[in-house]
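Next comes run34.cif, with mmCIF, C-alpha atoms and all ligand atoms.
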data_model
#
loop_
_atom_site.label_atom_id
_atom_site.label_comp_id
_atom_site.auth_asym_id
_atom_site.auth_seq_id
_atom_site.Cartn_x
_atom_site.Cartn_y
_atom_site.Cartn_z
CA MET E 298 -19.44 -0.71 -2.13
CA GLU E 299 -16.98 2.16 -1.63
CA ASN E 300 -15.82 4.38 -4.48
CA PHE E 301 -12.58 3.20 -6.03
CA ILE E 302 -10.06 3.78 -8.80
CA ALA E 303 -8.91 0.73 -10.71
CA TYR E 304 -5.38 1.47 -11.93
CA ASN E 305 -2.65 -0.95 -12.88
CA PRO E 306 -0.28 0.18 -15.62
CA THR E 307 2.11 -2.81 -15.50
CA LYS E 308 2.28 -4.81 -18.72
CA LEU E 309 2.62 -8.43 -17.72
CA TYR E 310 4.23 -11.10 -19.87
CA PHE E 311 3.36 -14.54 -18.49
CA GLY E 312 4.58 -17.98 -19.61
CA ASN E 313 7.43 -20.01 -20.97
CA ASN E 314 10.24 -18.01 -22.63
CA VAL E 315 8.61 -14.59 -22.12
CA ILE E 316 12.09 -13.16 -21.61
CA ASN E 317 12.38 -13.12 -25.43
CA ASN E 318 10.10 -10.06 -25.36
CA LEU E 319 12.55 -7.97 -23.32
CA PRO E 320 14.51 -6.51 -26.29
CA THR E 321 11.31 -5.18 -27.91
CA GLU E 322 10.27 -3.50 -24.66
CA ILE E 323 13.61 -1.73 -24.20
CA GLU E 324 14.72 -1.04 -27.76
CA LYS E 325 13.63 2.61 -27.81
CA LEU E 326 15.14 3.39 -24.39
CA GLY E 327 18.59 4.85 -23.69
CA GLN E 328 21.79 2.79 -23.75
CA LYS E 329 22.59 2.23 -20.09
CA VAL E 330 20.73 -0.27 -17.97
CA LEU E 331 21.21 -0.83 -14.24
CA LEU E 332 20.78 -4.57 -13.60
CA LEU E 333 19.95 -5.45 -9.99
CA THR E 334 20.23 -9.00 -8.62
CA GLY E 335 20.28 -10.82 -5.26
CA LYS E 336 22.79 -13.09 -3.58
CA GLY E 337 23.56 -15.35 -6.52
CA SER E 338 20.71 -17.78 -7.22
CA VAL E 339 20.07 -16.24 -10.64
CA LYS E 340 23.69 -16.83 -11.64
CA LYS E 341 23.72 -20.36 -10.23
CA TYR E 342 20.59 -21.41 -12.14
CA GLY E 343 21.30 -19.66 -15.46
CA TYR E 344 18.56 -16.98 -15.49
CA TYR E 345 21.22 -14.28 -15.32
CA ASP E 346 22.92 -15.52 -18.52
CA GLN E 347 19.59 -15.51 -20.36
CA VAL E 348 18.85 -11.93 -19.31
CA ILE E 349 22.37 -10.70 -20.14
CA GLN E 350 21.97 -12.25 -23.59
CA GLN E 351 18.69 -10.40 -24.16
CA LEU E 352 20.17 -7.09 -22.98
CA LYS E 353 23.11 -7.60 -25.31
CA ASN E 354 20.78 -8.52 -28.18
CA ALA E 355 19.14 -5.14 -27.60
CA GLY E 356 22.57 -3.48 -27.77
CA LYS E 357 22.51 -2.17 -24.20
CA GLN E 358 25.41 -1.32 -21.92
CA ILE E 359 25.02 -3.10 -18.58
CA VAL E 360 25.85 -1.61 -15.18
CA GLU E 361 25.47 -4.23 -12.45
CA PHE E 362 24.60 -4.12 -8.77
CA SER E 363 24.34 -7.51 -7.07
CA GLY E 364 24.15 -8.89 -3.54
CA ILE E 365 20.74 -7.57 -2.45
CA LYS E 366 19.78 -9.64 0.58
CA PRO E 367 16.40 -11.15 1.49
CA ASN E 368 14.60 -8.65 3.77
CA PRO E 369 16.47 -5.91 1.88
CA ILE E 370 18.17 -3.02 3.66
CA VAL E 371 18.27 0.68 2.91
CA GLU E 372 22.10 0.69 2.71
CA ASP E 373 22.05 -1.53 -0.39
CA ALA E 374 19.46 0.69 -2.02
CA ASP E 375 21.61 3.76 -1.25
CA LYS E 376 24.68 2.11 -2.80
CA ALA E 377 22.75 1.21 -5.95
CA VAL E 378 21.46 4.80 -6.20
CA SER E 379 25.06 6.12 -6.03
CA LEU E 380 26.04 3.74 -8.81
CA ALA E 381 23.05 4.84 -10.89
CA HIS E 382 24.08 8.49 -10.51
CA SER E 383 27.75 7.91 -11.31
CA GLU E 384 26.87 5.82 -14.39
CA LYS E 385 23.90 7.99 -15.43
CA ILE E 386 21.76 4.98 -16.21
CA ASP E 387 18.67 5.24 -18.45
CA PHE E 388 16.50 2.43 -17.09
CA ILE E 389 16.48 -0.41 -14.56
CA VAL E 390 16.08 -4.18 -14.82
CA ALA E 391 15.45 -6.13 -11.59
CA LEU E 392 16.06 -9.88 -11.78
CA GLY E 393 15.02 -11.82 -8.68
CA GLY E 394 12.38 -12.10 -5.98
CA GLY E 395 10.54 -9.47 -4.00
CA SER E 396 13.67 -8.22 -2.25
CA VAL E 397 15.45 -7.35 -5.49
CA ILE E 398 12.38 -5.86 -7.17
CA ASP E 399 11.39 -3.80 -4.11
CA THR E 400 14.93 -2.41 -3.87
CA ALA E 401 14.85 -1.58 -7.59
CA LYS E 402 11.59 0.36 -7.18
CA LEU E 403 13.09 2.57 -4.48
CA VAL E 404 16.39 2.97 -6.31
CA ASN E 405 14.30 4.21 -9.22
CA MET E 406 12.46 6.79 -7.08
CA ALA E 407 15.64 8.01 -5.37
CA TYR E 408 17.67 8.19 -8.59
CA ALA E 409 15.06 9.75 -10.88
CA ASN E 410 14.10 12.40 -8.30
CA ASN E 411 17.52 12.88 -6.71
CA LEU E 412 16.12 12.16 -3.24
CA PRO E 413 17.40 10.04 -0.31
CA VAL E 414 15.83 6.56 -0.16
CA TRP E 415 14.81 6.67 3.49
CA SER E 416 13.25 10.16 3.21
CA ILE E 417 11.05 8.71 0.46
CA MET E 418 10.08 5.73 2.64
CA LYS E 419 9.18 8.08 5.52
CA LYS E 420 7.11 10.26 3.17
CA GLU E 421 9.20 13.33 4.03
CA VAL E 422 9.62 14.01 0.30
CA ASN E 423 7.49 13.28 -2.76
CA PRO E 424 8.89 11.61 -5.86
CA GLU E 425 7.36 13.00 -9.05
CA THR E 426 9.06 11.06 -11.80
CA LYS E 427 10.71 7.73 -12.62
CA VAL E 428 12.81 5.89 -15.18
CA PRO E 429 11.41 2.74 -16.82
CA LEU E 430 11.68 -0.33 -14.59
CA PHE E 431 11.44 -3.92 -15.79
CA ALA E 432 10.96 -6.81 -13.35
CA ILE E 433 11.99 -10.35 -14.17
CA LEU E 434 10.51 -12.43 -11.39
CA THR E 435 12.19 -15.60 -10.11
CA LEU E 436 10.01 -16.26 -7.06
CA ALA E 437 6.23 -16.26 -6.67
CA ALA E 438 5.19 -14.61 -3.41
CA THR E 439 4.93 -10.87 -2.92
CA GLY E 440 3.03 -9.59 -5.95
CA THR E 441 5.57 -6.76 -6.27
CA GLU E 442 5.78 -7.56 -10.00
CA MET E 443 2.39 -5.92 -10.56
CA ASN E 444 1.97 -3.39 -7.78
CA GLY E 445 3.33 -0.04 -6.63
CA ALA E 446 4.61 -1.18 -3.23
CA ALA E 447 8.07 -1.83 -1.80
CA VAL E 448 9.38 -2.75 1.64
CA LEU E 449 12.80 -1.99 3.17
CA GLN E 450 14.52 -2.47 6.53
CA ASN E 451 16.51 0.17 8.36
CA HIS E 452 18.56 -1.07 11.32
CA GLN E 453 19.56 2.46 12.33
CA THR E 454 15.95 3.45 12.99
CA ASN E 455 14.78 -0.11 13.87
CA GLU E 456 12.06 -0.15 11.25
CA LYS E 457 10.83 -2.37 8.45
CA ILE E 458 8.24 -0.38 6.54
CA GLY E 459 6.46 -0.29 3.21
CA TYR E 460 6.06 2.54 0.75
CA PHE E 461 3.55 2.85 -2.07
CA SER E 462 3.61 5.12 -5.09
CA PRO E 463 1.73 4.89 -8.40
CA LEU E 464 5.15 5.65 -9.94
CA MET E 465 6.52 2.33 -8.68
CA TYR E 466 4.44 -0.08 -10.77
CA PRO E 467 6.95 -1.83 -13.04
CA THR E 468 6.71 -0.72 -16.67
CA ALA E 469 6.61 -4.37 -17.68
CA SER E 470 7.14 -7.61 -15.79
CA PHE E 471 8.25 -10.97 -17.14
CA LEU E 472 6.86 -14.03 -15.36
CA ASP E 473 8.23 -17.30 -16.62
CA PRO E 474 7.13 -20.09 -14.25
CA SER E 475 10.15 -22.15 -15.34
CA TYR E 476 12.34 -19.53 -13.59
CA THR E 477 10.73 -20.61 -10.32
CA LEU E 478 11.38 -24.37 -10.71
CA THR E 479 14.55 -24.01 -8.65
CA VAL E 480 12.93 -22.26 -5.67
CA PRO E 481 13.59 -24.58 -2.69
CA LYS E 482 10.69 -26.16 -0.81
CA SER E 483 11.05 -23.90 2.24
CA GLN E 484 10.97 -20.75 0.12
CA THR E 485 8.03 -22.13 -1.89
CA ILE E 486 6.14 -22.60 1.38
CA ASN E 487 6.98 -19.01 2.36
CA GLY E 488 5.58 -17.78 -0.95
CA ILE E 489 2.34 -19.76 -0.52
CA VAL E 490 1.83 -18.30 2.97
CA ASP E 491 2.56 -14.79 1.70
CA LEU E 492 -0.02 -14.91 -1.09
CA VAL E 493 -2.68 -16.34 1.24
CA ALA E 494 -1.83 -13.63 3.77
CA HIS E 495 -2.21 -10.94 1.10
CA SER E 496 -5.65 -12.32 0.22
CA LEU E 497 -6.61 -12.19 3.90
CA GLU E 498 -5.20 -8.68 4.37
CA ALA E 499 -7.52 -7.57 1.58
CA TYR E 500 -10.47 -9.45 3.10
CA PHE E 501 -10.05 -7.85 6.54
CA SER E 502 -10.34 -4.33 5.19
CA GLY E 503 -13.71 -2.69 5.80
CA GLY E 504 -16.88 -2.12 3.81
CA ASP E 505 -19.07 -4.31 1.71
CA ALA E 506 -17.34 -5.61 -1.42
CA PRO E 507 -18.83 -9.03 -2.21
CA LEU E 508 -17.05 -9.60 -5.52
CA SER E 509 -13.69 -8.72 -3.98
CA ASP E 510 -14.50 -11.18 -1.15
CA ARG E 511 -15.18 -13.89 -3.74
CA PHE E 512 -11.87 -13.12 -5.47
CA VAL E 513 -10.13 -13.60 -2.11
CA ALA E 514 -11.87 -16.93 -1.52
CA SER E 515 -11.06 -18.09 -5.07
CA ILE E 516 -7.37 -17.37 -4.65
CA ILE E 517 -7.26 -19.20 -1.32
CA LEU E 518 -9.24 -22.18 -2.68
CA GLU E 519 -7.02 -22.33 -5.76
CA THR E 520 -3.98 -22.28 -3.49
CA MET E 521 -5.34 -24.98 -1.19
CA ASP E 522 -5.74 -27.11 -4.32
CA TYR E 523 -2.34 -26.71 -6.02
CA ALA E 524 -0.09 -26.12 -2.97
CA PRO E 525 0.07 -29.69 -1.55
CA LYS E 526 0.57 -31.09 -5.06
CA LEU E 527 3.31 -28.55 -5.81
CA LEU E 528 5.17 -29.25 -2.57
CA ASN E 529 5.33 -32.92 -3.61
CA ASN E 530 6.37 -32.03 -7.13
CA LEU E 531 8.48 -28.88 -7.12
CA ASN E 532 9.59 -29.46 -10.70
CA ASN E 533 6.11 -29.25 -12.20
CA TYR E 534 5.76 -26.28 -14.56
CA ASP E 535 1.95 -26.15 -14.49
CA LEU E 536 1.76 -26.14 -10.71
CA ARG E 537 4.46 -23.45 -10.57
CA ALA E 538 2.43 -21.44 -13.10
CA ARG E 539 -0.71 -21.71 -10.98
CA MET E 540 1.17 -20.45 -7.94
CA MET E 541 2.85 -17.63 -9.86
CA TRP E 542 -0.41 -16.23 -11.21
CA ALA E 543 -2.18 -16.63 -7.85
CA ALA E 544 0.59 -14.66 -6.12
CA THR E 545 0.33 -11.85 -8.67
CA VAL E 546 -3.46 -11.57 -8.48
CA ALA E 547 -3.40 -11.71 -4.67
CA GLU E 548 -1.58 -8.38 -4.55
CA ASN E 549 -2.25 -6.43 -7.75
CA GLY E 550 -5.45 -4.63 -6.72
CA THR E 551 -7.97 -7.26 -7.87
CA THR E 552 -8.97 -8.16 -4.31
CA MET E 553 -9.10 -4.58 -3.00
CA HIS E 554 -11.76 -2.80 -5.04
CA GLY E 555 -14.78 -1.44 -3.21
CA ARG E 556 -13.28 -1.67 0.27
CA THR E 557 -12.76 1.18 2.77
CA THR E 558 -8.96 0.79 2.70
CA ASN E 559 -6.55 -0.99 0.36
CA GLY E 560 -6.27 -3.93 2.73
CA ASP E 561 -5.75 -4.00 6.49
CA TRP E 562 -2.00 -4.85 6.73
CA GLY E 563 -1.96 -5.07 10.54
CA THR E 564 -0.52 -8.60 10.47
CA HIS E 565 2.15 -7.55 7.99
CA ASP E 566 3.11 -4.59 10.16
CA LEU E 567 3.39 -6.85 13.23
CA ALA E 568 5.20 -9.58 11.30
CA HIS E 569 7.77 -7.20 9.77
CA HIS E 570 9.16 -6.66 13.27
CA ILE E 571 10.12 -10.35 13.46
CA SER E 572 12.09 -10.05 10.22
CA LEU E 573 13.64 -6.83 11.46
CA LEU E 574 14.86 -8.42 14.71
CA TRP E 575 15.89 -11.91 13.53
CA ASP E 576 16.00 -11.71 9.72
CA THR E 577 13.22 -14.31 9.57
CA PRO E 578 11.87 -14.98 6.04
CA HIS E 579 8.73 -12.91 5.40
CA GLY E 580 6.39 -15.91 4.84
CA GLN E 581 7.37 -17.55 8.14
CA THR E 582 6.55 -14.42 10.10
CA LEU E 583 3.07 -14.37 8.57
CA SER E 584 2.13 -18.01 9.22
CA VAL E 585 2.95 -17.34 12.90
CA ILE E 586 1.21 -13.97 13.20
CA PHE E 587 -1.94 -14.40 11.08
CA PRO E 588 -3.66 -17.16 13.11
CA ALA E 589 -2.70 -15.34 16.34
CA TRP E 590 -4.10 -12.04 15.02
CA MET E 591 -7.40 -13.69 13.99
CA LYS E 592 -7.76 -15.33 17.41
CA ALA E 593 -7.00 -12.08 19.25
CA LEU E 594 -9.34 -9.99 17.10
CA LYS E 595 -12.12 -12.58 16.91
CA PRO E 596 -14.72 -10.49 18.77
CA ARG E 597 -14.25 -7.72 16.18
CA ILE E 598 -14.15 -9.92 13.08
CA GLU E 599 -16.45 -12.80 13.99
CA LYS E 600 -19.02 -12.16 11.25
CA ARG E 601 -16.28 -11.69 8.65
CA LEU E 602 -14.67 -14.97 9.71
CA GLU E 603 -18.00 -16.77 9.42
CA LYS E 604 -18.51 -15.35 5.93
CA LEU E 605 -14.99 -16.39 4.91
CA GLY E 606 -15.70 -19.88 6.26
CA PHE E 607 -18.82 -20.05 4.12
CA LEU E 608 -17.02 -18.83 1.00
CA LEU E 609 -14.26 -21.41 1.52
CA THR E 610 -16.42 -24.42 2.41
CA GLY E 611 -19.94 -23.71 1.17
CA LYS E 612 -21.15 -24.48 4.71
CA ASN E 613 -22.09 -22.40 7.73
CA ILE E 614 -19.04 -22.84 9.94
CA THR E 615 -18.02 -20.87 13.03
CA ALA E 616 -15.34 -18.18 13.30
CA ASP E 617 -13.15 -20.61 15.25
CA GLU E 618 -13.55 -23.25 12.56
CA THR E 619 -12.54 -20.71 9.91
CA ILE E 620 -9.42 -19.79 11.86
CA GLY E 621 -8.73 -23.53 12.21
CA LEU E 622 -9.10 -23.99 8.45
CA ILE E 623 -6.43 -21.38 7.71
CA GLU E 624 -4.12 -22.50 10.52
CA ASN E 625 -4.42 -26.17 9.53
CA PHE E 626 -3.61 -25.28 5.94
CA PHE E 627 -0.39 -23.60 7.14
CA ILE E 628 0.39 -26.69 9.25
CA GLN E 629 -0.41 -29.00 6.31
CA ILE E 630 2.13 -27.21 4.10
CA GLU E 631 4.70 -27.32 6.95
CA ALA E 632 4.75 -23.59 7.60
CA PRO E 633 5.58 -22.57 11.18
CA THR E 634 2.55 -21.44 13.18
CA HIS E 635 4.22 -20.81 16.53
CA PHE E 636 7.01 -18.50 17.62
CA LYS E 637 9.15 -21.32 19.01
CA GLU E 638 9.18 -22.99 15.58
CA LEU E 639 11.18 -19.95 14.43
CA GLY E 640 13.86 -20.96 16.95
CA LEU E 641 12.87 -18.10 19.26
CA ASN E 642 12.14 -18.14 23.01
CA ASN E 643 10.22 -16.21 25.66
CA ASN E 644 12.94 -13.56 26.04
CA ASP E 645 12.66 -12.97 22.32
CA LYS E 646 8.90 -12.59 22.71
CA ASN E 647 9.49 -9.86 25.28
CA GLN E 648 11.87 -8.11 22.91
CA LEU E 649 9.27 -8.27 20.15
CA LEU E 650 6.55 -6.92 22.42
CA LYS E 651 8.80 -4.04 23.47
CA LEU E 652 9.50 -3.12 19.86
CA TRP E 653 5.79 -3.30 18.99
CA LYS E 654 5.08 -0.90 21.88
CA THR E 655 7.73 1.49 20.53
CA ASN E 656 6.85 1.34 16.82
CA LYS E 657 3.09 0.85 17.28
CA PRO E 658 2.31 -1.42 14.30
CA THR E 659 -1.35 -1.29 13.30
CA GLY E 660 -3.81 -2.16 10.59
CA LEU E 661 -5.47 0.43 8.38
CA ASN E 662 -8.92 -0.95 9.21
CA HIS E 663 -8.39 -2.75 12.52
CA ILE E 664 -6.46 -0.29 14.66
CA LEU E 665 -4.22 -2.12 17.14
CA ASP E 666 -3.34 -1.02 20.67
CA GLU E 667 -1.17 -2.39 23.48
CA LYS E 668 -3.93 -4.70 24.73
CA ASP E 669 -4.06 -6.27 21.27
CA TYR E 670 -0.27 -6.71 21.25
CA HIS E 671 -0.49 -8.62 24.54
CA LYS E 672 -3.30 -10.85 23.23
CA ILE E 673 -1.46 -11.55 19.98
CA ILE E 674 1.84 -12.31 21.68
CA ALA E 675 0.02 -14.73 24.01
CA ASN E 676 -1.25 -16.61 20.95
CA ILE E 677 2.06 -17.07 19.11
O1 LIG P 1 19.25 -13.74 -3.08
P1 LIG P 1 19.15 -14.85 -4.06
O2 LIG P 1 20.41 -15.59 -4.24
O3 LIG P 1 18.51 -14.42 -5.34
O4 LIG P 1 18.16 -15.99 -3.41
C1 LIG P 1 16.80 -15.74 -3.08
C2 LIG P 1 16.62 -15.54 -1.57
O5 LIG P 1 17.56 -16.26 -0.83
C3 LIG P 1 16.01 -17.00 -3.33
N1 LIG P 1 15.54 -17.15 -4.71
C4 LIG P 1 14.85 -16.23 -5.44
N2 LIG P 1 14.52 -16.76 -6.64
C5 LIG P 1 15.02 -18.03 -6.66
C6 LIG P 1 15.65 -18.27 -5.44
N3 LIG P 1 16.26 -19.45 -5.16
C7 LIG P 1 16.21 -20.40 -6.11
N4 LIG P 1 15.61 -20.24 -7.32
C8 LIG P 1 15.00 -19.08 -7.63
N5 LIG P 1 14.36 -18.94 -8.79
O6 LIG P 1 14.90 -16.87 -2.47
C9 LIG P 1 15.27 -16.16 -1.29
C10 LIG P 1 14.20 -15.16 -0.92
O7 LIG P 1 14.12 -14.14 -1.90
P2 LIG P 1 13.28 -12.82 -1.59
O8 LIG P 1 13.33 -11.95 -2.79
O9 LIG P 1 13.73 -12.23 -0.29
O10 LIG P 1 11.80 -13.40 -1.34
P3 LIG P 1 10.39 -12.78 -1.58
O11 LIG P 1 10.05 -12.70 -3.01
O12 LIG P 1 9.51 -13.53 -0.69
O13 LIG P 1 10.53 -11.26 -1.08
C11 LIG P 1 10.44 -10.94 0.28
C12 LIG P 1 10.52 -9.44 0.50
O14 LIG P 1 9.41 -8.77 -0.12
C13 LIG P 1 8.71 -7.98 0.86
C14 LIG P 1 8.98 -8.75 2.13
O15 LIG P 1 8.73 -7.98 3.28
C15 LIG P 1 10.43 -9.11 1.98
O16 LIG P 1 11.26 -8.02 2.32
N6 LIG P 1 7.30 -7.80 0.47
C16 LIG P 1 7.02 -7.00 -0.58
C17 LIG P 1 5.72 -6.71 -0.96
C18 LIG P 1 5.41 -5.86 -2.10
N7 LIG P 1 6.37 -5.18 -2.69
O17 LIG P 1 4.25 -5.74 -2.50
C19 LIG P 1 4.57 -7.23 -0.22
C20 LIG P 1 4.91 -8.35 0.69
O18 LIG P 1 3.92 -8.41 1.70
C21 LIG P 1 6.25 -8.28 1.33
O19 LIG P 1 6.21 -7.46 2.48
ZN ZN P 2 3.52 -10.21 2.34
#
In C-alpha cells, write the structure found in this file.
Amino acid sequence: MENFIAYNPTKLYFGNNVINNLPTEIEKLGQKVLLLTGKGSVKKYGYYDQVIQQLKNAGKQIVEFSGIKPNPIVEDADKAVSLAHSEKIDFIVALGGGSVIDTAKLVNMAYANNLPVWSIMKKEVNPETKVPLFAILTLAATGTEMNGAAVLQNHQTNEKIGYFSPLMYPTASFLDPSYTLTVPKSQTINGIVDLVAHSLEAYFSGGDAPLSDRFVASIILETMDYAPKLLNNLNNYDLRARMMWAATVAENGTTMHGRTTNGDWGTHDLAHHISLLWDTPHGQTLSVIFPAWMKALKPRIEKRLEKLGFLLTGKNITADETIGLIENFFIQIEAPTHFKELGLNNNDKNQLLKLWKTNKPTGLNHILDEKDYHKIIANI
C-alpha cells in the first residue's frame, strides 16, 4: 500500500429535512450570501423556496446568480465572481447538481483570492483562502458535495478540465434524497453511470490497495442492486437515498487510499471532449467511453480486470467477461454505449479524434498516446 493522507473536512448532513440545519451552520457568518442555482429546476420543484426560507430565518441578505448550465462554462463563473465582488458577499450557498456546485467552488476561489477563474483552472496562480461554501445537492452523481474538485468548460480555449484544491471542499453539504425525487429518468441514468465510472477510475489507479478495491466493488454491487429497481420506481425515497450515498462515497476519497495516484481519470479526460464539442451530458459520455477504454487497454489491465470480475461475481471470470459485465449493466439501465447512440456520426468521430490529438487527454496512471486514441475511437 502507498503512503496516503486521509483528509475530508466537509460536514455532511444526510436525510429527510436536513435543510433545517442550514440556519445553525450559517448563523455566525456575515450577512450577505451569494445563492447560486441552475436553469430553473429548483424553482419549479420548490427546493428554492425552502432554501430561501431557511436563509431568511437566519436573517441573511440574499444575492442571487441563476442560470448556470449543465456542463458549466467559465463565462458564468466569471459573471458570478463580478457579482460577488460588487456585492461584497460573505459566504456562498450552491443549490443544484454538480454543475452549480462546481461553479460555486471556483467562484469561491476567484472571489476570495481576487484571481481570474481560468488562471486558477490552469494552475497559473494559487488560491490561498476561501469563504465558507454550503452545497445543497439536488442530483446524485458527481460526488462534488464531498470533494475538492470542480470541472469547467472554456470554448475559447477548447477545453473542459478539472481543478482540485483542498480549499474547495464544501464547508457543509446537505443531502436530502427527497430533493432528488424529481430527477428525470435520463438524468438518473447519467448519475448512475457517473458514480460507477468514478469507482472504476479509482480502481484503475496503480499500486496494491485491497481494501480500496473492495470499497470499489461494494459500491458497484450496491449500485447494480438498487439501480434497476430505482429506474422502475423513481419516486422511491429509500432507493434515491441509496443512490445518493453511493454517489458521494464513490468520489469522496474512500476508494482512493493506498493507491499510486488519486484515480486514473483517463476516461473522464477523453469523455470531457464529447461534452465540450456537443454538450453531451457527462454520464452519457462515460457509458460510451469506459467500455471502449477497457477494451483498448485490455493488454495493460488484464489482471486488474480479472480481479474486478472476481470481486463482483465471486468467480474466476476473464477480463473480457468483466468488461461485458460493466457494459451489459450500462445497457441494462439504458445508458448509451456507442457513439451513434449519442446522435453522432463518423465525421463527428474524426472531429473528436482531432481534438484528442490536440489536447492530449490522458490518465494519471495509464498514460494515453495517439495509438490508444485510435484504438478507443474504433471501439465507440
Ligand atoms: O439546471 P437545472 O434546471 O437545475 O436542471 C438540472 C440539469 O438540467 C437537472 N436537475 C438537477 N437537479 C434536479 C434536476 N432536475 C430535476 N430535479 C432535480 N432535483 O439536471 C440536469 C443536470 O444537472 P448537472 O448539475 O449538470 O448534473 P451533474 O450533477 O451530473 O453535474 C455534471 C457536471 O459535473 C462535472 C461534470 O463534468 C459536469 O460538468 N463533474 C464534476 C465532478 C466533481 N466536481 O467531482 C466529477 C465528475 O466526474 C464530473 O466531471
Ligand atoms: Zn464523472
**Request:** Show me which residues sit within 7 Å of ligand ZN 2 (chain P) when counting all atoms listed in the file, and put them as a list in words.
**Result:** Thr439, Asp491, Leu492, Ala494, His495, His565, His579 and Gly580 of chain E
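If you measure from each of E:Leu478, E:Ile673, E:Leu573, E:Leu567 to ligand LIG 1 (chain P) using only C-alpha atoms and all ligand atoms, the closest one turns out to be E:Leu478.
Among the candidate residues E:Glu299, E:Asp399, E:Glu421, E:Glu631, the one lying nearest to Leu434 of chain E is E:Asp399, with distances computed using only C-alpha atoms.
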**Prompt:** Nearest to Val493 of chain E among E:Gln328, E:Ser584, E:Ser572, E:Ser379, with distances taken over all atoms listed in the file: which residue is it?
**Reply:** E:Ser584
**Asked** To one decimal place, how far is atom CA of Thr619 of chain E from atom CA of Leu602 of chain E in Å?
**Response** 6.1 Å
**Message:** From the options E:Leu352, E:Ile365, E:Leu331, E:Ile677, which residue's atoms come nearest to ligand LIG 1 (chain P), counting all atoms listed in the file?
**Reply:** E:Ile365
**Asked** Please, which residues have at least one atom within 7 Å of an atom of ligand LIG 1 (chain P), using all atoms listed in the file, listed as a VMD selection string?
**Response** chain E and resid 334 to 339 364 to 369 393 to 397 399 435 to 441 444 446 to 449 476 to 481 484 487 to 488 491 495 548 565 569 579 to 580
**Request:** With a distance cut-off of 12 Å and only C-alpha atoms, select the neighbouring residues of Arg597 of chain E, excluding the residue or stretch itself and same-chain residues fewer than 3 positions from it, and output the selection as a PyMOL selection string.
**Result:** chain E and resi 501+503+590-594+600-603+616+662-665+669
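In this structure, atom CA of Leu333 of chain E sits 5.0 Å away from atom CA of Phe362 of chain E.
As for atom CA of His635 of chain E and atom CA of Ala547 of chain E, they are spaced 24.3 Å apart.
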**Item:** Using all atoms listed in the file: which of E:Leu609, E:Ala409, E:Ala568, E:Val348 has the shortest distance to Val513 of chain E
**Value:** E:Leu609
**Request:** Please tell me which residues are no farther than 10 Å from (10.3, -7.1, -12.8) in the file, counting only C-alpha atoms, and write them as an NGL selection string.
**Result:** :E and (307 or 309 or 389-395 or 397-399 or 401-402 or 430-435 or 441-443 or 466-472)
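Among the candidates E:Gly560, E:Pro578, E:Pro596, E:Gly459, the residue lying nearest to Met418 of chain E is E:Gly459 (atoms considered: only C-alpha atoms).
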